[in-house]
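Remarks on the structure that follows.
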Amino acid sequence: MGGVRWMAPAGLAAALLVPWMPAGGYQQYVVQVATFVLINAAVALAWDIQARTGQLSLAPAAFFGLGAYAYTMAALRGVPLWLAFALGPLAAAAVSVVLGVITLRLQGLYFAIATLAFAEVVKVIFKGLPVELTGGAVGLTAPPLLGGHQTGLYYLGLAVLLVTIGASLAVRHTRLHYAFAAIRQGELTARVLGVRVVRVKLLAFVLSAFLIGLVGAYATSRLFFVIPDDTFGIGISVSALATAIFGGVYTTAGPVLGALILRTLEEGLHILLRQGYLVVYGVILMVVILYLPGGLVGLLTRRRGRDAAAGD
Amino acid sequence: MLLQATNLSKRFGGLAAVGGMDFHLEAGEILAIIGPNGAGKTTVLNLLSGVFPADEGRIVLDGRDITHLPPETRCHLGLGRAFQVVRPFLEMTVRDNVMVGALFGGRQRPLAEASARTEEVLALTGLTGRADVLARDLNLLEDKRLEMARAIATSPRVLLLDEVMAGLLPHEADQALTLVRAVRDAGVAVLFIEHVMRVVRDLADRVIVMDFGEKIAEGRYEEVTANPKVVEAYLGVEDAADA
Amino acid sequence: MDLFLQTLVNGLIQSGTYALASAGLALAVGVLHIVNFAHGEFLMVGAFTAYWLSVLVGVDPLLSLVPAGALLFVASGGIYRFSVRHVLLAPELNALLLTFGIAITLQNLAVLAFGATPRVVHTAYQLTSLSLGPISVGVAPLITLVVSVAVLSGMYAVLYRTGVGKSIRAVAQNRTGAYLVGLDVDRIYLLTFGLASALAAVAGAMVLVRIGASPQMGFAFVLKAFAIIVMAGLGNLTGVLWASLVLATGEAFVRTYVPGGGGWAEAVFFLLIFGTLVWRSWRQA
């Protein structure tokens, strides 16, 4: 991974300076887009953590929505905002424990479909619940963190992303890296070698859900509303996995790079196309699967003459 | 007795792959299981390491009943396994493969200690030079060495080996022999399945013969190979018409 | 009692379309062993093909099931050749993601091309209905049921009574074995994929007549198709029929009898998928 290491401090510096970059009348817009990049990157990173155990989860939408709704519902009932903010990831993590245990014996394809079905069930449930409780199909307006202060919110988002990056790096540089990779490449073999597969898989799943819930709670301040069709929308899961795969799975730089490029691309396309700009995600997914298995990071490290798949 | 199996049985559908097997392994012993193809030898290993649950019977490792324990716990208690059809972690290097065994087998070692253990095992199995190669790029001999190295890294007290000599040239088999003896000398009891008779003769302290899922003979190599039932199992009975 | 019977009949009729939509997916999953997420979008393309043929050329939408099926057969053949074929031997994750990508691409291309608003066709028979005692059955739904049954019978006839069908079943059961006895596995995959997609297109034409066409329709159908084939058991082609029946009637009853039923019917489908998958995974212990 050394090939992309120089990007890290440069990227951080750039990220810190975003609200101060001169952009004239577009200043607000730039910060807004940058915030979305942060959100996308964080969710993609969290998804990637769990993907390292070899499971393709389509549940991020559920955890994102749960985090968002937990925060909003608590905040609207008078809970202090910082506490409501903490409830987001906790709610997501709690649900993920149950889901994780139930789906333990599902592999590959079946696991993906089951998590997809789960996410849709959660969406429909929230749509159908009484308006007084969750806003029903119409949703709720979320009280913004930090009083809605744009720059403050941006830095809070950056902090959330840094936490996610931290988690991703921690997984990479501890024993967990070996456990995750072993489970992914041969679950039975890993068990025979002493890896506590159940525990590790659950850990990956819950950690991932916690982080996604955190992002969800944060994102409400950027999105202003929580509404089942969007907040639990499959687009969240799709964007997370497409971003991670495009940027390079099982790496930390990958999802971040992927988010940067994809989100900017999406914004550009959105201006041009109004609707249907998600087509870029579809095409990218196809191209990457067929021609670029290592994603962007794979491409970059290979160009520097290193073995692209060296244990990462 | 370090490892003891009593009345071990496993059926797949209507077929009794293993039926009522009783055997034991002493500390410091090298025990061989031989028998014709389909005799159930690998199934026995699978039952011992916990890949399948046994239908009947008990397995006791150093006084501890492990019959219903999951594979990873059996590994922690000292049972190591190398598979016949090797299963390396293809996207990881040789070193990382062995690290998995060193980290999670037996005591849960911290990274630094596991690293040291890994280098030790790599040296023992002659893989130090190939440590940074991806497992998918290894040749057969290296594959087999890696399979053993990984199992050894878990610091087992009992090592289960499944046909590690298959496909090896004579001088390679000799190297493997030396390795197994070194492992035993380090205090590990070995239970191995083998078809190459020379290896069985040179390595095993004791031999068990299986046929159709049952033990049909047990004893020293010379005794067992002279046993007419064993000969019959491998070669069949002479046809009355040809006699 | 009348309501009960009416609901039952509604379910029965709807099951025809579901069976048609999922038979194709069952074929793709059972034979190629990949999950074709794009299956729903093939249905959508079929619906839009029928729509445009009807609007531009004046062909009755039910008749255009033939050209719609043919179009998808050919088009999906191209998709198979240029993409799906390359992931058949890769980890199943790749095939999943690839078809997912194809689905998203197709769906959004449709939005770009046709806009997000649903389109409907107007035919004479859409407005008429038959009365069988206390039960009324729309002529259009009835015709779609008949067509579905006919097409499905044709498919089963091909699978179980022709040489080609036998080859397909052979490849489904044992790819290597089939290859070893000389079957051109790649061609059979191509054929099956095309057939599965054509079935989806025909189902799409049916849905156009009964409801309409919109770029998002594919997603809802592919999830229902998954529910059905998961219930039937992956690779079980005949199980699709009874599973469609069960799910369609279940849906009809939830719609009729549960207050605010429409929204919950969706949840029922997803819960069924989830529950069946989880239950089966634990039962194998």
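Here's how to read the names in the structure tokens: chain A, B, ... by the order shown, residue numbers from 1 in each chain, ligand numbers from 1 in the order shown.
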
Exercise for the section: Compute the set of chain A residues within 6 Å of chain C, using only C-alpha atoms, and express it as an NGL selection string. Expected result: :A and (105 or 114 or 117 or 121 or 124 or 276 or 279 or 282-283 or 285-286)

Practice task
Would you return as JSON, numbers by chain the members of segment 31-280 of chain C that DSSP assigns to alpha helix (DSSP H) on this structure's backbone?
Solution key: {"C": [39, 40, 41, 42, 43, 44, 45, 46, 47, 48, 49, 50, 51, 52, 65, 66, 67, 68, 69, 70, 71, 72, 73, 74, 75, 76, 77, 78, 79, 85, 86, 87, 92, 93, 94, 95, 96, 97, 98, 99, 100, 101, 102, 103, 104, 105, 106, 107, 108, 109, 110, 111, 112, 113, 114, 139, 140, 141, 142, 143, 144, 145, 146, 147, 148, 149, 150, 151, 152, 153, 154, 155, 156, 157, 158, 159, 160, 161, 163, 164, 165, 166, 167, 168, 169, 170, 171, 172, 173, 175, 176, 177, 178, 179, 180, 185, 186, 187, 188, 189, 190, 191, 192, 193, 194, 195, 196, 197, 198, 199, 200, 201, 202, 203, 204, 205, 206, 207, 208, 209, 210, 217, 218, 219, 220, 221, 222, 223, 224, 225, 226, 227, 228, 229, 230, 231, 232, 239, 240, 241, 242, 243, 244, 245, 246, 247, 248, 249, 250, 251, 252, 253, 254, 255, 256, 257, 261, 262, 263, 264, 265, 266, 267, 268, 269, 270, 271, 272, 273, 274, 275, 276, 277, 278, 279, 280]}

Exercise for the section: Tell me, as an MDAnalysis selection string, which residues lie within 12 Å of segment 46-53 of chain B, counting only C-alpha atoms; anything in the same chain fewer than 6 positions away does not count. Expected result: (chainID A and resid 187:194) or (chainID B and resid 3:12 17:19 21 23:24 40 59:61 65:84 151 156 158:162 191 193) or (chainID C and resid 285)

Problem - Ser237 of chain A environment, 12 Å, only C-alpha atoms, sequence neighbours closer than 6 positions dropped, as a PyMOL selection string - result: (chain A and resi 40+43-48+56-65+112+115-116+119-120+209+212+230-231+243-244+281) or (chain C and resi 100)

Store the residues picked out above, limited to C-alpha atoms, as a compact mmCIF listing (two decimals), in the first residue's frame.
```txt
# COMPACT_ATOMS: atom_id res chain seq x y z
CA ASN A 40 -20.07 8.47 1.02
CA VAL A 43 -20.20 4.51 4.57
CA ALA A 44 -18.08 2.84 1.89
CA LEU A 45 -15.22 2.36 4.37
CA ALA A 46 -17.56 0.86 6.93
CA TRP A 47 -19.00 -1.51 4.33
CA ASP A 48 -15.50 -2.48 3.28
CA LEU A 56 -21.49 -9.06 0.66
CA SER A 57 -23.89 -7.13 2.82
CA LEU A 58 -26.72 -5.06 1.41
CA ALA A 59 -27.83 -3.95 4.84
CA PRO A 60 -25.97 -0.59 5.01
CA ALA A 61 -29.20 1.14 4.00
CA ALA A 62 -30.89 -0.28 7.08
CA PHE A 63 -28.13 0.77 9.47
CA PHE A 64 -27.82 4.21 7.92
CA GLY A 65 -31.54 4.75 8.26
CA ALA A 112 -26.57 -10.84 0.18
CA THR A 115 -29.53 -8.62 3.99
CA LEU A 116 -31.23 -6.96 1.04
CA ALA A 119 -33.18 -3.71 4.56
CA GLU A 120 -36.37 -3.57 2.54
CA ALA A 209 -23.09 -1.24 11.43
CA ILE A 212 -22.71 3.34 9.34
CA ASP A 230 -34.60 7.82 0.81
CA THR A 231 -33.09 7.22 4.22
CA THR A 243 -17.63 3.10 -4.20
CA ALA A 244 -15.58 0.60 -2.24
CA TYR A 281 -22.59 3.71 -10.72
CA PHE C 100 -26.26 -5.62 -10.24
```

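Residues in contact with Leu203 of chain A at 12 Å, where only C-alpha atoms are counted and same-chain residues fewer than 2 positions away are skipped, are listed as Ile49, Gln50, Arg52, Thr53, Ala93, Ser96, Val97, Gly100, Val101, Leu104, Val171, Leu176, Ala179, Phe180, Arg196, Val197, Val198, Arg199, Val200, Lys201, Phe205, Val206, Leu207, Ser208, Ala209 and Phe210 of chain A.
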
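Note that the spacing between atom CA of Arg255 of chain C and atom CA of Leu5 of chain C amounts to 13.9 Å.
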
Practice task
Rank nothing, just name the residue among B:Leu146, B:Ala173, B:Leu103, B:Ser115 nearest to Leu90 of chain B, using only C-alpha atoms.
Solution key: B:Leu146

List as CSV every residue of segment 28-98 of chain B that is in contact with segment 218-229 of chain B, defined as an atom at most 10 Å from one of its atoms (using only C-alpha atoms), together with the nearest atom pair and the distance in Å rounded to one decimal, sorted by chain and then rising number.
```
residue,atom,partner,partner_atom,distance
B:Leu31,CA,B:Arg220,CA,9.7
B:Ala32,CA,B:Tyr221,CA,9.2
B:Ile33,CA,B:Glu218,CA,9.2
```

For the residues in that selection, give me C-alpha atoms as a CSV table (one decimal), in the first residue's frame.
```
chain,number,residue,atom,x,y,z
B,31,LEU,CA,0.5,-43.7,14.1
B,32,ALA,CA,-0.4,-44.4,10.5
B,33,ILE,CA,-3.8,-45.2,9.1
```

Practice task
Tell me which protein, DNA and RNA residues are within 9 Å of Gly38 of chain B, counting only C-alpha atoms, leaving out same-chain ones fewer than 2 positions away, and put them as a PyMOL selection string.
Solution key: chain B and resi 17+35-36+40-42+211-213
